Amino acid sequence: MPLIVQKFGGTSVATPEKILAAARKAIRAQQEGNQVVVVVSAMGHNTDHLIDLAKEVNEEPSAREMDMLLSTGEQVSVALVAMAVQRFGHKAVSLTGAQMGIRTDNSFTKARIKTISTDRIRKLLDDGNIVIAAGFQGIDDDYNITTLGRGGSDTTAVSLAAVLKADACEIYTDVDGVYTTDPRLLPEARQMGQISYDEMLELASLGAGVMHNRSIEFAKKFNVPIRVRSSFSDAPGSMIVAEPESSSVPVCGAALTKDEARITIQGVPDQPGTSFEIFKRLADRKITVDMIVQNIGQESLADISFTVPNDELKEALRAVNEAAKLVGASGVTHDDSVAKISVVGIGMSKQTGVAQRMFEALAEAGINIQMITTSEIKISVLVKRAEAQAALRAVHSAFSLHSKPDDAKVWEMGQKQQSELSASEIVERLRNSNMEQLTLLDISLVGDQARVTLLGVPDTPGLAETVFKEVAKAGVFVDMIVQSCDGFQGETSISFTVPEEQMDHCLQVLKAMDYKFRKIGGSKDIAKLSVSGIGLRSHTSVAIAMFKALADANINVLMINTSELRVNVVIAGKDGEKGLACLQKTFESSLV
Ligand code: ADP
Ligand code: ASP
Ligand code: MG
């Protein structure tokens, strides 16, 4: 018999009426001949209320007790949904995470799923029950209740769909599907018919709260097609599926992370191992770091900037101050009033001028870019929080995301999507071991790139646009771009990589520009090492392990960029082979 997993988010079970409506949807699916597992979130804003309540009792509640408290939200709603199903004369049994055998690690408030035992759920389903499963929670090896992180019910749903080999996984929520950006922020956002795992994963981890990013890691690893749809209508929604055929649209969506904070460590000795000392301390605290930018050192001193979620700033500063002292940095600054705007698209890796188009849109809107990082499928910029909405709108419009792309790929609905990975192989490896374990697919070395660095770039709107417009006009293909902030006396620096054979031409173009930079430099003596896999940004350990392996081999990291798909580091060309060998050794056991 086909099996379907349906997940209802907080707003979809916010009132008794909505609970009854959700129960009806589950019953209908059962009557259509499916076995049905329903995953439920806490009612309405119950999780927020519980967090507020905790803070009234203790400003810094312990993570273990938070999980004990927050898990009650889902326990309330599963019981009520089961009662609702029973009221209509159907059989239902509610289960907590522990009762379902969802085993996690012990990182309270952001636990990762290790294993799920399906026996009990299967038996209940075979007995004709609709199984109502509590989202967001699990249990560690010592029987402590854990939670998976905010929005984690999506991850419960997709992971259950994976282990139960469900035929469908439906995420019922308060919007009609996945949009080009949050429709509550930009009413002109357009609903997408389909989106690839890679794009959804990137968008989710860059702020598109419609799906928990880790749920998409699961979906990609286990090849679970997901349908996101409205609880309040029968509209078909949006499908999240394996990679489509190549699309000529460079950008499919834009996302905003409003509550970001920037930290800069100044005057860091430019030596192997310093980044490791810093980021290790953040990873130990499971703080997600993004937009890591290292200034090219002035007098052997570098500035390292990066962003963290605002609510983790305090903790991050504690870690960073400790590390700064240890490595002999001259100071630490931070800014808690910034926001991150990103555009995402698998098409952008095949086109030039995408970054420039984004910078142009921001320049036209008079918005200053404080930091830039790019990767093969996303570009992120940091702006003042007060300008975030305007920035999002400018960028959304620059890529015409509000209008349907004329070459919109008609991906056949229901067509079997071929993942680039051998899904069944991975499934077998992970099913009984550690489901959210790091999965790496490749480690590679690219030697034919060159680095271009501009020092003395004024920190004003429009400069990045001017630079990349000139470079694009000259036909130079720009890959990694990083722009730091808080640089030398109100200036910033921009570094990017270009094909080796285009470097000289690119330098000429820059030297011929009206604006005179303090220094224009380039080096062909670089190598790019890439580690690719699934969910690499949420597995902060990858960048850390890379830093450590390279530091141990006495190799200095010059540039870094990260995406969900890949972590790239640029090192000196002479170190390329040695660096590759040490990364291969470090990640041997995680490669599939
Ligand atoms: P649920 O409680 O059902 O899990 P969430 O609030 O977690 O619901 O997620 C749905 C919300 O995600 C929407 O109300 C919308 O405001 C927001 N959202 C953010 N980005 C997007 C996007 N790209 N597409 C659709 N919704 C988005
Ligand atoms: N109730 C949890 C939260 O609000 C989990 C979820 O809704 O997905 O974050
Ligand atoms: Mg959600």
# chains A, B, ... in the order shown; residues from 1 in each chain; ligands from 1
$ closest_atom_pairs --of "chain A" --to "ligand 3" --cutoff "8 Å" --atoms "only C-alpha atoms and all ligand atoms" --output "tab-separated table"
residue	atom	partner	partner_atom_place_in_ligand_line	distance
A:Gly9	CA	ligand 3	1 (Mg)	5.9
A:Gly10	CA	ligand 3	1 (Mg)	7.4
A:Arg150	CA	ligand 3	1 (Mg)	7.7
A:Gly151	CA	ligand 3	1 (Mg)	4.3
A:Gly152	CA	ligand 3	1 (Mg)	7.2
A:Ser153	CA	ligand 3	1 (Mg)	7.0
A:Asp154	CA	ligand 3	1 (Mg)	6.5
A:Thr173	CA	ligand 3	1 (Mg)	7.6
A:Gly209	CA	ligand 3	1 (Mg)	6.4
A:Val210	CA	ligand 3	1 (Mg)	5.6
A:Met211	CA	ligand 3	1 (Mg)	5.7
A:His212	CA	ligand 3	1 (Mg)	6.4
$ write_last_selection --atoms "C-alpha atoms" --output "compact mmCIF listing (two decimals), in the first residue's frame"
# COMPACT_ATOMS: atom_id res chain seq x y z
CA GLY A 9 3.12 23.49 10.56
CA GLY A 10 2.19 25.69 13.51
CA ARG A 150 13.66 25.91 15.06
CA GLY A 151 11.58 24.76 12.14
CA GLY A 152 12.77 21.20 12.75
CA SER A 153 9.40 19.51 12.18
CA ASP A 154 10.12 19.66 8.45
CA THR A 173 1.89 25.37 5.51
CA GLY A 209 12.15 29.97 6.35
CA VAL A 210 9.55 28.00 4.43
CA MET A 211 11.60 24.81 4.86
CA HIS A 212 14.10 23.78 7.54
$ residues_around --residues "segment 550-559 of chain A" --least-positions-apart "2" --cutoff "9 Å" --atoms "only C-alpha atoms" --output "PyMOL selection string"
chain A and resi 270-276+292-296+480+482+495-496+526+545-548+561+568-572+575+578-579+582-583
$ residues_around --residues "Ala323 of chain A" --least-positions-apart "5" --cutoff "12 Å" --atoms "only C-alpha atoms" --output "ChimeraX atom specification"
/A:265-266,268,273-282,316-318,328-332
$ closest_residue --among "A:Met348, A:Ala157, A:Met200, A:Val5" --to "ligand 2" --atoms "only C-alpha atoms and all ligand atoms"
A:Ala157
$ select_by_dssp --residues "segment 67-116 of chain A" --states "alpha helix (DSSP H)" --output "PyMOL selection string"
chain A and resi 67-87+97-100
$ closest_residue --among "A:Ser538, A:Ser493, A:Gln75, A:Thr115" --to "ligand 2" --atoms "only C-alpha atoms and all ligand atoms"
A:Gln75
$ residues_near_ligand --ligand "ligand 1" --cutoff "8 Å" --atoms "only C-alpha atoms and all ligand atoms" --output "PDB file with C-alpha atoms, in the first residue's frame"
ATOM      1  CA  PHE A   8       1.277  20.377   9.353  1.00  0.00           C
ATOM      2  CA  GLY A   9       3.124  23.489  10.557  1.00  0.00           C
ATOM      3  CA  GLY A  10       2.186  25.688  13.508  1.00  0.00           C
ATOM      4  CA  THR A  11      -0.348  27.902  11.746  1.00  0.00           C
ATOM      5  CA  SER A  12      -1.996  24.831  10.241  1.00  0.00           C
ATOM      6  CA  SER A  41       4.326  21.154  14.902  1.00  0.00           C
ATOM      7  CA  GLY A  44       0.497  28.526  16.457  1.00  0.00           C
ATOM      8  CA  GLY A 151      11.580  24.758  12.145  1.00  0.00           C
ATOM      9  CA  SER A 153       9.399  19.514  12.181  1.00  0.00           C
ATOM     10  CA  ASP A 154      10.123  19.656   8.455  1.00  0.00           C
ATOM     11  CA  ILE A 171       4.466  19.883   3.746  1.00  0.00           C
ATOM     12  CA  TYR A 172       1.267  21.769   4.566  1.00  0.00           C
ATOM     13  CA  THR A 173       1.893  25.374   5.514  1.00  0.00           C
ATOM     14  CA  ASP A 174       0.406  28.870   5.431  1.00  0.00           C
ATOM     15  CA  VAL A 175       1.588  29.810   1.919  1.00  0.00           C
ATOM     16  CA  ASP A 176       0.777  28.165  -1.405  1.00  0.00           C
ATOM     17  CA  GLY A 177       4.268  26.828  -1.984  1.00  0.00           C
ATOM     18  CA  VAL A 178       7.844  27.949  -2.433  1.00  0.00           C
ATOM     19  CA  TYR A 179       8.114  31.494  -3.757  1.00  0.00           C
ATOM     20  CA  THR A 180      10.953  33.402  -5.402  1.00  0.00           C
ATOM     21  CA  THR A 181      11.290  35.153  -2.052  1.00  0.00           C
ATOM     22  CA  ASP A 182       9.241  35.429   1.131  1.00  0.00           C
ATOM     23  CA  PRO A 183       5.834  36.610  -0.149  1.00  0.00           C
ATOM     24  CA  ARG A 184       5.222  38.330   3.179  1.00  0.00           C
ATOM     25  CA  LEU A 185       8.213  40.571   2.550  1.00  0.00           C
ATOM     26  CA  GLN A 191       5.262  30.898  -6.669  1.00  0.00           C
ATOM     27  CA  LEU A 203      17.743  29.368  -0.081  1.00  0.00           C
ATOM     28  CA  ALA A 204      16.632  27.693   3.139  1.00  0.00           C
ATOM     29  CA  GLY A 207      16.821  32.711   5.221  1.00  0.00           C
ATOM     30  CA  ALA A 208      13.900  31.249   3.248  1.00  0.00           C
ATOM     31  CA  GLY A 209      12.146  29.972   6.353  1.00  0.00           C
ATOM     32  CA  VAL A 210       9.545  28.003   4.430  1.00  0.00           C
ATOM     33  CA  MET A 211      11.601  24.810   4.855  1.00  0.00           C
ATOM     34  CA  HIS A 212      14.097  23.784   7.536  1.00  0.00           C
ATOM     35  CA  GLY A 253      15.185  33.019  -5.867  1.00  0.00           C
ATOM     36  CA  ALA A 254      16.351  35.582  -3.335  1.00  0.00           C
ATOM     37  CA  ALA A 255      16.500  35.360   0.432  1.00  0.00           C
TER      38      ALA A 255
END
